[in-house]
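Data block for run23.txt (compact mmCIF, C-alpha atoms and all ligand atoms):
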# COMPACT_ATOMS: atom_id res chain seq x y z
CA MET Q 1 -35.68 1.16 -35.93
CA PRO Q 2 -38.78 -0.42 -34.36
CA PHE Q 3 -38.14 -3.16 -31.83
CA GLN Q 4 -38.36 -6.52 -33.60
CA LEU Q 5 -40.25 -9.14 -31.65
CA THR Q 6 -39.05 -12.72 -31.99
CA ASP Q 7 -41.36 -15.45 -33.27
CA GLU Q 8 -41.72 -16.70 -29.71
CA GLN Q 9 -42.68 -13.25 -28.42
CA LEU Q 10 -45.26 -12.89 -31.20
CA LEU Q 11 -46.69 -16.29 -30.28
CA THR Q 12 -46.94 -15.18 -26.64
CA ARG Q 13 -48.79 -12.05 -27.73
CA ASP Q 14 -51.27 -13.99 -29.85
CA ALA Q 15 -51.87 -16.67 -27.21
CA VAL Q 16 -52.41 -14.19 -24.37
CA ARG Q 17 -54.61 -11.96 -26.53
CA GLN Q 18 -56.81 -14.88 -27.50
CA PHE Q 19 -57.06 -16.05 -23.88
CA ALA Q 20 -57.76 -12.54 -22.56
CA GLU Q 21 -60.53 -11.92 -25.08
CA ALA Q 22 -62.17 -15.30 -24.47
CA GLU Q 23 -61.81 -15.66 -20.71
CA ILE Q 24 -61.22 -12.24 -19.17
CA ALA Q 25 -63.02 -9.65 -21.28
CA PRO Q 26 -66.45 -11.18 -20.42
CA ILE Q 27 -65.93 -10.64 -16.66
CA ALA Q 28 -63.95 -7.38 -16.69
CA ALA Q 29 -66.91 -5.03 -16.17
CA GLU Q 30 -68.55 -7.23 -13.55
CA ILE Q 31 -65.49 -7.65 -11.29
CA ASP Q 32 -64.96 -3.89 -11.51
CA ARG Q 33 -68.56 -3.11 -10.59
CA ASP Q 34 -68.56 -5.55 -7.68
CA HIS Q 35 -64.97 -4.91 -6.45
CA ARG Q 36 -64.58 -8.68 -6.79
CA PRO Q 37 -61.18 -10.41 -7.10
CA PRO Q 38 -61.37 -12.77 -10.11
CA LEU Q 39 -60.30 -15.91 -8.26
CA GLU Q 40 -61.80 -18.13 -10.95
CA SER Q 41 -59.16 -16.82 -13.37
CA ILE Q 42 -56.22 -18.10 -11.32
CA PRO Q 43 -56.27 -21.75 -12.53
CA LYS Q 44 -56.75 -20.53 -16.11
CA LEU Q 45 -53.83 -18.10 -15.84
CA ALA Q 46 -51.73 -20.92 -14.39
CA GLU Q 47 -52.71 -23.33 -17.14
CA LEU Q 48 -51.46 -20.90 -19.77
CA GLY Q 49 -48.18 -20.54 -17.85
CA LEU Q 50 -48.87 -16.90 -17.00
CA LEU Q 51 -48.19 -17.31 -13.29
CA GLY Q 52 -44.77 -18.84 -13.91
CA LEU Q 53 -43.45 -16.45 -16.54
CA VAL Q 54 -40.49 -15.28 -14.45
CA ILE Q 55 -39.87 -18.73 -12.92
CA PRO Q 56 -37.25 -21.05 -14.45
CA GLU Q 57 -38.54 -24.27 -16.02
CA GLU Q 58 -36.85 -26.43 -13.38
CA TYR Q 59 -39.26 -24.95 -10.80
CA GLY Q 60 -42.34 -25.38 -12.96
CA GLY Q 61 -42.29 -21.99 -14.67
CA THR Q 62 -41.89 -21.02 -18.31
CA GLY Q 63 -38.71 -18.97 -17.88
CA ALA Q 64 -39.92 -16.32 -20.30
CA ASP Q 65 -37.74 -13.36 -21.21
CA SER Q 66 -38.70 -9.94 -19.86
CA VAL Q 67 -40.09 -8.70 -23.18
CA SER Q 68 -42.46 -11.68 -23.32
CA PHE Q 69 -43.47 -10.94 -19.75
CA ALA Q 70 -44.23 -7.31 -20.65
CA ILE Q 71 -46.24 -8.44 -23.68
CA ALA Q 72 -48.29 -10.79 -21.49
CA ILE Q 73 -49.05 -8.02 -18.98
CA GLU Q 74 -49.97 -5.65 -21.81
CA GLU Q 75 -52.36 -8.15 -23.37
CA LEU Q 76 -54.12 -8.95 -20.08
CA SER Q 77 -54.41 -5.24 -19.27
CA ARG Q 78 -55.76 -4.44 -22.74
CA VAL Q 79 -59.02 -6.05 -21.64
CA CYS Q 80 -58.73 -5.76 -17.83
CA GLY Q 81 -56.31 -3.75 -15.69
CA THR Q 82 -57.17 -5.87 -12.65
CA HIS Q 83 -55.91 -9.08 -14.27
CA GLY Q 84 -52.82 -7.24 -15.48
CA VAL Q 85 -51.79 -6.18 -12.00
CA LEU Q 86 -52.74 -9.50 -10.41
CA VAL Q 87 -50.18 -11.28 -12.60
CA GLU Q 88 -47.70 -8.40 -12.50
CA ALA Q 89 -47.51 -8.10 -8.71
CA HIS Q 90 -47.49 -11.89 -8.26
CA SER Q 91 -44.62 -12.24 -10.73
CA SER Q 92 -42.49 -9.10 -10.47
CA LEU Q 93 -42.88 -8.27 -6.81
CA CYS Q 94 -43.04 -11.66 -5.07
CA THR Q 95 -41.77 -14.34 -7.42
CA TRP Q 96 -38.89 -12.38 -8.96
CA PRO Q 97 -37.07 -11.65 -5.68
CA ILE Q 98 -37.37 -15.32 -4.68
CA VAL Q 99 -35.96 -16.41 -8.05
CA HIS Q 100 -33.09 -13.94 -7.86
CA HIS Q 101 -32.32 -13.76 -4.15
CA GLY Q 102 -33.68 -17.02 -2.76
CA ASN Q 103 -31.44 -19.93 -1.79
CA ALA Q 104 -31.97 -23.45 -3.21
CA GLU Q 105 -34.31 -24.51 -0.38
CA GLN Q 106 -36.44 -21.38 -0.65
CA LYS Q 107 -36.77 -21.75 -4.43
CA GLN Q 108 -37.70 -25.41 -4.10
CA LYS Q 109 -40.20 -24.67 -1.37
CA TYR Q 110 -41.98 -21.65 -2.87
CA LEU Q 111 -41.55 -21.42 -6.64
CA PRO Q 112 -43.47 -24.52 -7.84
CA ALA Q 113 -46.55 -23.44 -5.89
CA LEU Q 114 -46.25 -19.88 -7.25
CA ALA Q 115 -45.94 -21.21 -10.82
CA SER Q 116 -48.94 -23.53 -10.50
CA GLY Q 117 -51.22 -20.93 -8.93
CA GLU Q 118 -51.50 -22.94 -5.74
CA ALA Q 119 -50.00 -19.84 -4.12
CA ILE Q 120 -50.39 -16.27 -5.33
CA GLY Q 121 -47.66 -13.83 -4.36
CA ALA Q 122 -47.66 -10.34 -2.87
CA PHE Q 123 -45.05 -7.80 -1.78
CA GLY Q 124 -45.08 -5.83 1.47
CA LEU Q 125 -43.03 -2.65 1.37
CA THR Q 126 -45.32 0.37 1.80
CA GLU Q 127 -46.33 1.47 5.31
CA PRO Q 128 -48.45 4.32 6.66
CA GLY Q 129 -45.26 6.32 7.34
CA ALA Q 130 -43.13 4.94 4.50
CA GLY Q 131 -44.65 5.39 1.03
CA SER Q 132 -42.35 7.20 -1.39
CA ASP Q 133 -39.77 7.30 1.39
CA ALA Q 134 -39.36 3.53 1.53
CA ALA Q 135 -36.14 3.83 3.55
CA HIS Q 136 -38.26 4.86 6.55
CA THR Q 137 -39.73 1.36 6.88
CA ALA Q 138 -40.71 0.96 10.53
CA THR Q 139 -41.88 -2.67 10.67
CA THR Q 140 -39.37 -4.53 12.81
CA ALA Q 141 -38.03 -8.08 12.60
CA GLN Q 142 -36.24 -8.86 15.83
CA ARG Q 143 -34.04 -11.94 15.91
CA ASP Q 144 -35.07 -14.46 18.57
CA GLY Q 145 -33.35 -17.84 18.37
CA ASP Q 146 -34.19 -19.48 15.07
CA ASP Q 147 -36.89 -16.94 14.27
CA PHE Q 148 -37.39 -13.30 13.42
CA VAL Q 149 -40.33 -11.72 15.24
CA LEU Q 150 -42.18 -9.24 13.02
CA ASN Q 151 -44.19 -6.30 14.37
CA GLY Q 152 -45.72 -3.48 12.35
CA GLN Q 153 -48.12 -2.64 9.57
CA LYS Q 154 -48.06 -2.59 5.78
CA ILE Q 155 -50.61 -0.91 3.51
CA PHE Q 156 -51.77 -1.00 -0.12
CA ILE Q 157 -50.67 -4.59 -0.67
CA THR Q 158 -51.76 -5.85 -4.09
CA ASN Q 159 -53.20 -9.41 -4.02
CA GLY Q 160 -53.30 -9.16 -0.20
CA GLY Q 161 -56.77 -10.67 0.13
CA PHE Q 162 -55.87 -14.04 -1.38
CA ALA Q 163 -52.05 -14.24 -1.62
CA LYS Q 164 -50.38 -17.11 0.23
CA THR Q 165 -46.77 -16.01 -0.13
CA PHE Q 166 -45.58 -12.54 0.83
CA VAL Q 167 -42.17 -10.95 0.45
CA VAL Q 168 -41.98 -8.47 3.29
CA ILE Q 169 -39.40 -5.77 3.99
CA ALA Q 170 -38.70 -5.10 7.69
CA ARG Q 171 -36.01 -3.60 9.89
CA SER Q 172 -33.97 -6.43 11.44
CA LEU Q 173 -30.74 -4.64 12.29
CA LEU Q 174 -32.36 -2.38 14.85
CA ASP Q 175 -29.19 -0.47 15.68
CA VAL Q 176 -28.40 0.22 12.01
CA PRO Q 177 -30.29 3.32 10.86
CA GLY Q 178 -31.52 3.88 7.30
CA VAL Q 179 -31.62 1.42 4.47
CA LYS Q 180 -28.77 -0.78 5.68
CA GLY Q 181 -30.90 -2.05 8.59
CA LEU Q 182 -33.63 -3.48 6.34
CA SER Q 183 -34.02 -7.14 5.39
CA ALA Q 184 -36.41 -9.14 3.21
CA PHE Q 185 -38.46 -12.11 4.43
CA ILE Q 186 -40.77 -14.68 2.90
CA VAL Q 187 -43.89 -14.77 5.05
CA GLU Q 188 -46.61 -17.39 4.66
CA ARG Q 189 -50.20 -16.29 5.01
CA ASP Q 190 -51.12 -18.68 7.80
CA THR Q 191 -48.23 -17.65 10.08
CA PRO Q 192 -49.60 -16.90 13.58
CA GLY Q 193 -49.48 -13.16 14.31
CA PHE Q 194 -49.88 -12.27 10.63
CA GLN Q 195 -53.21 -10.74 9.69
CA VAL Q 196 -54.58 -9.53 6.38
CA LEU Q 197 -57.01 -6.66 6.99
CA GLU Q 198 -60.06 -5.40 5.05
CA PRO Q 199 -59.47 -4.50 1.38
CA GLU Q 200 -59.58 -0.88 0.21
CA ARG Q 201 -62.45 0.31 -1.99
CA LYS Q 202 -60.65 1.96 -4.86
CA MET Q 203 -61.28 4.29 -7.79
CA GLY Q 204 -59.98 1.76 -10.33
CA ILE Q 205 -58.55 -1.76 -10.69
CA ARG Q 206 -61.41 -2.58 -8.38
CA GLY Q 207 -61.16 -6.35 -8.78
CA SER Q 208 -57.61 -6.18 -7.49
CA SER Q 209 -57.42 -6.93 -3.77
CA THR Q 210 -55.51 -4.12 -2.02
CA THR Q 211 -55.18 -4.69 1.71
CA PRO Q 212 -53.28 -3.64 4.79
CA LEU Q 213 -51.22 -6.30 6.60
CA ALA Q 214 -50.63 -6.41 10.35
CA PHE Q 215 -47.79 -8.20 12.12
CA SER Q 216 -48.11 -8.78 15.83
CA ASP Q 217 -45.32 -10.90 17.31
CA CYS Q 218 -45.35 -12.83 14.06
CA ARG Q 219 -42.60 -15.49 14.16
CA VAL Q 220 -40.96 -16.09 10.82
CA PRO Q 221 -38.28 -18.80 10.65
CA ALA Q 222 -34.78 -17.43 10.03
CA ALA Q 223 -34.72 -19.84 7.08
CA ASN Q 224 -37.16 -17.42 5.40
CA LEU Q 225 -34.69 -14.53 5.35
CA LEU Q 226 -34.32 -13.64 1.66
CA GLY Q 227 -30.74 -12.75 0.76
CA ARG Q 228 -28.56 -11.52 3.60
CA GLU Q 229 -29.55 -9.38 6.55
CA GLY Q 230 -29.26 -5.71 5.64
CA GLU Q 231 -29.92 -6.35 1.94
CA GLY Q 232 -33.66 -5.74 2.11
CA PHE Q 233 -33.68 -2.26 0.60
CA LYS Q 234 -31.45 -3.27 -2.28
CA ILE Q 235 -33.65 -6.31 -2.94
CA ALA Q 236 -36.75 -4.09 -2.86
CA MET Q 237 -35.24 -1.55 -5.26
CA GLN Q 238 -34.04 -4.23 -7.69
CA THR Q 239 -37.48 -5.82 -7.50
CA LEU Q 240 -39.08 -2.48 -8.34
CA ASP Q 241 -36.66 -1.95 -11.24
CA GLY Q 242 -38.36 -4.86 -12.97
CA GLY Q 243 -41.79 -4.20 -11.51
CA ARG Q 244 -41.90 -0.69 -12.94
CA THR Q 245 -41.49 -2.04 -16.45
CA GLY Q 246 -44.38 -4.39 -15.70
CA ILE Q 247 -46.59 -1.50 -14.61
CA ALA Q 248 -45.55 0.46 -17.70
CA ALA Q 249 -46.68 -2.55 -19.75
CA GLN Q 250 -49.96 -2.56 -17.84
CA ALA Q 251 -50.40 1.14 -18.69
CA VAL Q 252 -49.73 0.45 -22.40
CA GLY Q 253 -52.29 -2.36 -22.34
CA ILE Q 254 -55.00 -0.24 -20.72
CA ALA Q 255 -54.31 2.59 -23.17
CA GLN Q 256 -54.35 0.19 -26.13
CA GLY Q 257 -57.74 -1.16 -25.08
CA ALA Q 258 -59.15 2.37 -24.83
CA PHE Q 259 -57.58 3.37 -28.15
CA GLU Q 260 -59.19 0.45 -29.98
CA ALA Q 261 -62.55 1.19 -28.36
CA ALA Q 262 -62.27 4.85 -29.43
CA CYS Q 263 -61.40 3.95 -33.03
CA ALA Q 264 -64.34 1.55 -33.25
CA TYR Q 265 -66.74 4.09 -31.78
CA ALA Q 266 -65.50 6.89 -34.05
CA LYS Q 267 -66.24 4.75 -37.10
CA GLU Q 268 -69.76 3.84 -36.01
CA ARG Q 269 -71.02 7.07 -34.39
CA VAL Q 270 -72.71 9.32 -36.93
CA GLN Q 271 -73.02 13.08 -36.41
CA PHE Q 272 -73.40 15.88 -38.94
CA GLY Q 273 -74.36 13.19 -41.46
CA GLN Q 274 -71.12 11.21 -41.28
CA PRO Q 275 -69.15 8.97 -38.91
CA ILE Q 276 -67.26 11.19 -36.50
CA ALA Q 277 -64.05 9.45 -37.67
CA ALA Q 278 -64.33 11.67 -40.75
CA LEU Q 279 -63.91 14.78 -38.60
CA GLN Q 280 -60.44 16.22 -38.33
CA ALA Q 281 -60.93 16.96 -34.62
CA ILE Q 282 -61.33 13.21 -34.01
CA GLN Q 283 -58.53 12.23 -36.39
CA TRP Q 284 -56.08 14.45 -34.54
CA MET Q 285 -56.95 12.82 -31.26
CA ILE Q 286 -56.57 9.35 -32.79
CA ALA Q 287 -53.19 10.32 -34.23
CA ASP Q 288 -51.91 11.69 -30.92
CA MET Q 289 -53.10 8.56 -29.11
CA ALA Q 290 -51.35 6.30 -31.64
CA VAL Q 291 -48.06 8.19 -31.28
CA ASP Q 292 -48.31 8.09 -27.48
CA LEU Q 293 -48.90 4.34 -27.57
CA GLU Q 294 -46.02 3.58 -29.91
CA ALA Q 295 -43.62 5.71 -27.86
CA GLY Q 296 -44.72 4.06 -24.62
CA ARG Q 297 -44.48 0.55 -26.01
CA ALA Q 298 -40.97 1.27 -27.32
CA LEU Q 299 -39.87 2.41 -23.84
CA VAL Q 300 -41.35 -0.74 -22.30
CA TYR Q 301 -39.60 -3.05 -24.77
CA GLN Q 302 -36.33 -1.18 -24.31
CA ALA Q 303 -36.43 -1.49 -20.51
CA ALA Q 304 -37.54 -5.14 -20.69
CA ASP Q 305 -34.84 -5.98 -23.23
CA LEU Q 306 -32.15 -4.46 -21.00
CA GLU Q 307 -33.45 -6.53 -18.10
CA SER Q 308 -33.41 -9.70 -20.23
CA ARG Q 309 -29.80 -9.00 -21.13
CA GLN Q 310 -29.06 -8.43 -17.43
CA GLU Q 311 -27.92 -4.88 -18.09
CA PRO Q 312 -28.66 -1.95 -15.76
CA HIS Q 313 -32.27 -0.94 -16.26
CA SER Q 314 -33.29 1.26 -13.29
CA GLN Q 315 -33.39 4.37 -15.41
CA ALA Q 316 -35.03 2.69 -18.41
CA SER Q 317 -37.77 1.17 -16.26
CA ALA Q 318 -38.36 4.50 -14.48
CA MET Q 319 -38.63 6.23 -17.88
CA ALA Q 320 -41.06 3.60 -19.15
CA LYS Q 321 -43.19 3.79 -16.01
CA LEU Q 322 -43.21 7.59 -15.96
CA PHE Q 323 -44.10 8.01 -19.61
CA CYS Q 324 -46.56 5.14 -19.86
CA GLY Q 325 -48.43 6.01 -16.64
CA GLU Q 326 -49.03 9.58 -17.79
CA MET Q 327 -49.62 8.44 -21.36
CA ALA Q 328 -52.31 5.98 -20.26
CA THR Q 329 -54.17 8.73 -18.40
CA ARG Q 330 -53.97 10.96 -21.51
CA VAL Q 331 -55.03 8.25 -23.95
CA THR Q 332 -57.91 6.89 -21.89
CA GLY Q 333 -59.07 10.49 -21.29
CA LYS Q 334 -59.13 11.13 -25.05
CA ALA Q 335 -60.98 7.83 -25.54
CA ILE Q 336 -63.75 9.16 -23.28
CA GLN Q 337 -63.72 12.47 -25.13
CA ILE Q 338 -64.22 10.70 -28.46
CA HIS Q 339 -67.15 8.75 -27.00
CA GLY Q 340 -68.71 11.95 -25.64
CA GLY Q 341 -71.51 11.51 -23.10
CA VAL Q 342 -71.73 7.72 -23.36
CA GLY Q 343 -68.03 7.44 -22.62
CA TYR Q 344 -68.74 8.85 -19.18
CA THR Q 345 -71.20 6.04 -18.43
CA GLU Q 346 -70.72 2.43 -17.44
CA ALA Q 347 -72.26 1.37 -20.73
CA TYR Q 348 -68.86 1.65 -22.40
CA PRO Q 349 -65.55 0.28 -21.08
CA VAL Q 350 -63.54 3.47 -21.49
CA GLU Q 351 -64.66 4.97 -18.16
CA ARG Q 352 -63.31 1.84 -16.39
CA MET Q 353 -60.11 2.07 -18.38
CA TYR Q 354 -59.67 5.74 -17.42
CA ARG Q 355 -60.07 4.87 -13.74
CA ASP Q 356 -57.74 1.89 -14.09
CA ALA Q 357 -55.10 3.96 -15.87
CA LYS Q 358 -54.69 6.48 -13.06
CA ILE Q 359 -53.09 4.03 -10.64
CA THR Q 360 -50.21 3.39 -13.05
CA GLU Q 361 -49.01 6.91 -12.22
CA ILE Q 362 -48.97 6.01 -8.53
CA TYR Q 363 -48.10 2.43 -7.55
CA GLU Q 364 -44.63 0.93 -7.69
CA GLY Q 365 -43.38 4.51 -7.28
CA THR Q 366 -45.24 7.69 -8.21
CA SER Q 367 -44.37 9.66 -11.34
CA GLU Q 368 -42.54 12.08 -9.05
CA ILE Q 369 -40.33 9.25 -7.72
CA GLN Q 370 -39.63 8.06 -11.28
CA ARG Q 371 -38.50 11.60 -12.17
CA LEU Q 372 -36.22 11.55 -9.14
CA VAL Q 373 -34.71 8.18 -10.16
CA ILE Q 374 -34.18 9.40 -13.74
CA ALA Q 375 -32.69 12.79 -12.79
CA ARG Q 376 -30.30 11.25 -10.27
CA GLN Q 377 -28.64 9.21 -13.00
CA TYR Q 378 -27.71 12.42 -14.83
CA LEU Q 379 -26.85 14.56 -11.84
CA ARG Q 380 -24.82 12.28 -9.60
N1 LIG U 401 -30.88 -1.16 -7.26
C1 LIG U 401 -29.97 -1.50 -6.32
N2 LIG U 401 -29.66 -0.70 -5.28
C2 LIG U 401 -30.30 0.48 -5.21
C3 LIG U 401 -31.27 0.90 -6.16
C4 LIG U 401 -31.54 0.01 -7.22
N3 LIG U 401 -32.44 0.33 -8.16
N4 LIG U 401 -31.74 2.10 -5.81
C5 LIG U 401 -31.08 2.45 -4.70
N5 LIG U 401 -30.22 1.47 -4.32
C6 LIG U 401 -29.30 1.48 -3.20
C7 LIG U 401 -28.36 2.66 -3.36
O1 LIG U 401 -27.24 2.33 -4.15
C8 LIG U 401 -27.98 2.94 -1.93
O2 LIG U 401 -27.00 2.02 -1.49
P1 LIG U 401 -25.52 2.54 -1.06
O3 LIG U 401 -25.77 3.43 0.12
O4 LIG U 401 -24.81 1.27 -0.74
O5 LIG U 401 -25.00 3.25 -2.24
C9 LIG U 401 -29.24 2.61 -1.16
O6 LIG U 401 -29.99 1.73 -1.99
C10 LIG U 401 -30.06 3.83 -0.83
O7 LIG U 401 -30.42 4.46 -2.03
P2 LIG U 401 -30.90 5.96 -2.09
O8 LIG U 401 -29.94 6.82 -1.37
O9 LIG U 401 -31.23 6.26 -3.50
O10 LIG U 401 -32.24 5.86 -1.20
P3 LIG U 401 -33.34 6.94 -0.90
O11 LIG U 401 -33.80 6.79 0.48
O12 LIG U 401 -32.89 8.27 -1.38
O13 LIG U 401 -34.62 6.43 -1.78
C11 LIG U 401 -36.04 6.15 -3.62
C12 LIG U 401 -34.62 6.14 -3.06
C13 LIG U 401 -35.83 6.03 -5.12
C14 LIG U 401 -36.84 7.40 -3.31
C15 LIG U 401 -36.80 4.89 -3.09
O14 LIG U 401 -37.12 5.04 -1.73
C16 LIG U 401 -38.05 4.59 -3.86
O15 LIG U 401 -38.02 3.97 -4.93
N6 LIG U 401 -39.25 5.02 -3.34
C17 LIG U 401 -40.52 4.63 -3.91
C18 LIG U 401 -41.00 3.36 -3.27
C19 LIG U 401 -41.95 2.62 -4.14
O16 LIG U 401 -41.80 2.52 -5.35
N7 LIG U 401 -42.95 2.02 -3.51
C20 LIG U 401 -43.89 1.20 -4.21
C21 LIG U 401 -44.20 -0.02 -3.38
S1 LIG U 401 -44.75 -1.45 -4.23
C22 LIG U 401 -46.34 -1.10 -4.65
O17 LIG U 401 -46.61 -0.14 -5.26
C23 LIG U 401 -47.42 -1.99 -4.19
C24 LIG U 401 -47.98 -2.94 -5.11
O18 LIG U 401 -48.35 -4.00 -4.65
C25 LIG U 401 -48.22 -2.69 -6.57
Taking this structure as input, can you express it in the form of structure tokens?
Amino acid sequence: MPFQLTDEQLLTRDAVRQFAEAEIAPIAAEIDRDHRPPLESIPKLAELGLLGLVIPEEYGGTGADSVSFAIAIEELSRVCGTHGVLVEAHSSLCTWPIVHHGNAEQKQKYLPALASGEAIGAFGLTEPGAGSDAAHTATTAQRDGDDFVLNGQKIFITNGGFAKTFVVIARSLLDVPGVKGLSAFIVERDTPGFQVLEPERKMGIRGSSTTPLAFSDCRVPAANLLGREGEGFKIAMQTLDGGRTGIAAQAVGIAQGAFEAACAYAKERVQFGQPIAALQAIQWMIADMAVDLEAGRALVYQAADLESRQEPHSQASAMAKLFCGEMATRVTGKAIQIHGGVGYTEAYPVERMYRDAKITEIYEGTSEIQRLVIARQYLR
């Protein structure tokens, strides 16, 4: 039976779609071309409540359920993958762990600013030597009086260029090897010894700011320890359990945008004396794309619904991310194929969508890592 959206979820979809088409679609190509973070969108996203979706109302958020969150990410990504990941990383990777692992003071201090857009969030896990193998995190956080002193480097940090609040995973129990020595910290951008380095120039989601971070004797108050010492890996994995559903939703949105563009083009492009939509070769591609999209969206809703009901969702989110990432690459590729030569040019949005789609197979855990997470559940 298809997943039934509630009236509230349908309203969210309509409101975000309308906003995305009016405010984001007009700048999507330009921010991609110029590798420009869309900072002007932040107050608008905040005004619609999109920066506080995972934040309870008492801290200024909207306290949306996870399906509504996924719908919002899908709708933003349908017109612009950059905006989708800006909100996704801010919400799933930075805000969520503070909501779920922060103490009362930390929530009071950080969440209202994250909900209002005064602060954008980012998440620092990946390092040059710890990508898929996150347990090998080498950044250290040595206790010194009332502080932890951070040293090390992070890479590929989404929103890095403009985020004010970072959740950072570092090794604080230096004599405890492996994942049990890792802890999570809230680090403010202006902390001395914390430096955000030059953004990467990427194949896709080019408006998204992806930067390295450097910590050099960076003193973070012990009050900013998130959860307990030694819980950092668990916090990171739980964070990614939700984040992966968000990226799957981003992938569905990008694919949906490309699918709609391909349908429209197929109806207007005339060859052999008729719109190419009349050709069976095109119809088969459209049919396969539609099935792919429906299957992916169902996996996203299923994973998000489990999360909303606070049921285990590691496997469901890994399945959604795996399928939707690969699906988005397939669907956007077919969208280019249907456009033919013009689809390979910047004149049409599908080439941007194809480039944007590829990252959904990589960040927040590659497809190979999702397969590992899924298989482990059956084989342990
Ligand atoms: N929830 C809670 N705990 C979890 C968990 C989860 N989902 N997954 C693992 N754990 C716990 C395990 O139970 C285990 O604890 P115990 O020893 O107490 O049982 C501990 O964590 C270690 O687990 P594993 O043995 O499974 O650890 P591992 O070293 O084999 O690694 C992995 C597991 C799945 C490969 C993990 O390292 C992983 O997910 N890697 C990919 C990292 C990733 O996704 N990076 C993306 C970074 S974010 C990003 O992309 C940037 C951005 O801004 C968009």
Spatial neighbours of Q:Lys321, max dist 7 Å, only C-alpha atoms, sep filter under 3 positions, as a ChimeraX atom specification: /Q:244-245,247-248,317-318,324-325
Put a box with edges along x, y and z around all the listed atoms of ligand LIG 401 (chain U), pad it by 6 Å on each side, then give me its centre and sizes in Å, one decimal, as JSON.
{"center_x": -36.6, "center_y": 2.1, "center_z": -3.8, "size_x": 35.5, "size_y": 24.3, "size_z": 20.6}
Please tell me which residues are no farther than 10 Å from (-46.9, 5.0, -9.0) in the file, counting all atoms listed in the file, and write them as an MDAnalysis selection string. chainID Q and resid 132 244 247:248 321:322 325 358:370
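Straight-line separation from atom CA of Q:Ser66 to atom CA of Q:Leu11: 14.6 Å.
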Shell of 12 Å around stretch 25-37 of chain Q, all atoms listed in the file, local chain residues under 2 positions omitted, as an NGL selection string: :Q and (16-23 or 39-42 or 75-86 or 158-163 or 199-210 or 257 or 346-353 or 355-356)
For Q:Phe166, please output as JSON, numbers by chain all residues within 9 Å (counting only C-alpha atoms; exclusion window: fewer than 6 positions along the same chain). {"Q": [94, 120, 121, 122, 123, 124, 160, 185, 186, 187, 188, 189]}
d(atom CA of Q:Ala134, atom CA of Q:Glu198) in Å: 22.8 Å
So which residues touch Q:Ile98 within 8 Å, counting only C-alpha atoms, skipping near sequence neighbours fewer than 6 positions away, as an NGL selection string? :Q and (106-107 or 111 or 226)
Could you add whatever atoms are missing so that stretch 18-29 of chain Q carries N, CA and C atoms, then write the result as a PDB file, in the frame of the given file?
ATOM      1  N   GLN Q  18     -55.665 -13.986 -27.278  1.00  0.00           N
ATOM      2  CA  GLN Q  18     -56.810 -14.880 -27.500  1.00  0.00           C
ATOM      3  C   GLN Q  18     -57.438 -15.287 -26.154  1.00  0.00           C
ATOM      4  N   PHE Q  19     -56.585 -15.657 -25.215  1.00  0.00           N
ATOM      5  CA  PHE Q  19     -57.060 -16.050 -23.880  1.00  0.00           C
ATOM      6  C   PHE Q  19     -57.784 -14.883 -23.214  1.00  0.00           C
ATOM      7  N   ALA Q  20     -57.194 -13.702 -23.258  1.00  0.00           N
ATOM      8  CA  ALA Q  20     -57.760 -12.540 -22.560  1.00  0.00           C
ATOM      9  C   ALA Q  20     -59.142 -12.192 -23.149  1.00  0.00           C
ATOM     10  N   GLU Q  21     -59.234 -12.269 -24.465  1.00  0.00           N
ATOM     11  CA  GLU Q  21     -60.530 -11.920 -25.080  1.00  0.00           C
ATOM     12  C   GLU Q  21     -61.602 -12.958 -24.757  1.00  0.00           C
ATOM     13  N   ALA Q  22     -61.179 -14.241 -24.717  1.00  0.00           N
ATOM     14  CA  ALA Q  22     -62.170 -15.300 -24.470  1.00  0.00           C
ATOM     15  C   ALA Q  22     -62.545 -15.416 -22.999  1.00  0.00           C
ATOM     16  N   GLU Q  23     -61.572 -15.312 -22.118  1.00  0.00           N
ATOM     17  CA  GLU Q  23     -61.810 -15.660 -20.710  1.00  0.00           C
ATOM     18  C   GLU Q  23     -61.927 -14.453 -19.777  1.00  0.00           C
ATOM     19  N   ILE Q  24     -61.275 -13.355 -20.127  1.00  0.00           N
ATOM     20  CA  ILE Q  24     -61.220 -12.240 -19.170  1.00  0.00           C
ATOM     21  C   ILE Q  24     -62.151 -11.099 -19.560  1.00  0.00           C
ATOM     22  N   ALA Q  25     -62.169 -10.762 -20.847  1.00  0.00           N
ATOM     23  CA  ALA Q  25     -63.020  -9.650 -21.280  1.00  0.00           C
ATOM     24  C   ALA Q  25     -64.472  -9.814 -20.791  1.00  0.00           C
ATOM     25  N   PRO Q  26     -65.037 -11.051 -20.835  1.00  0.00           N
ATOM     26  CA  PRO Q  26     -66.450 -11.180 -20.420  1.00  0.00           C
ATOM     27  C   PRO Q  26     -66.704 -10.845 -18.948  1.00  0.00           C
ATOM     28  N   ILE Q  27     -65.676 -10.918 -18.086  1.00  0.00           N
ATOM     29  CA  ILE Q  27     -65.930 -10.640 -16.660  1.00  0.00           C
ATOM     30  C   ILE Q  27     -65.347  -9.298 -16.199  1.00  0.00           C
ATOM     31  N   ALA Q  28     -64.682  -8.590 -17.107  1.00  0.00           N
ATOM     32  CA  ALA Q  28     -63.950  -7.380 -16.690  1.00  0.00           C
ATOM     33  C   ALA Q  28     -64.861  -6.320 -16.063  1.00  0.00           C
ATOM     34  N   ALA Q  29     -66.011  -6.075 -16.694  1.00  0.00           N
ATOM     35  CA  ALA Q  29     -66.910  -5.030 -16.170  1.00  0.00           C
ATOM     36  C   ALA Q  29     -67.528  -5.454 -14.840  1.00  0.00           C
TER      37      ALA Q  29
END
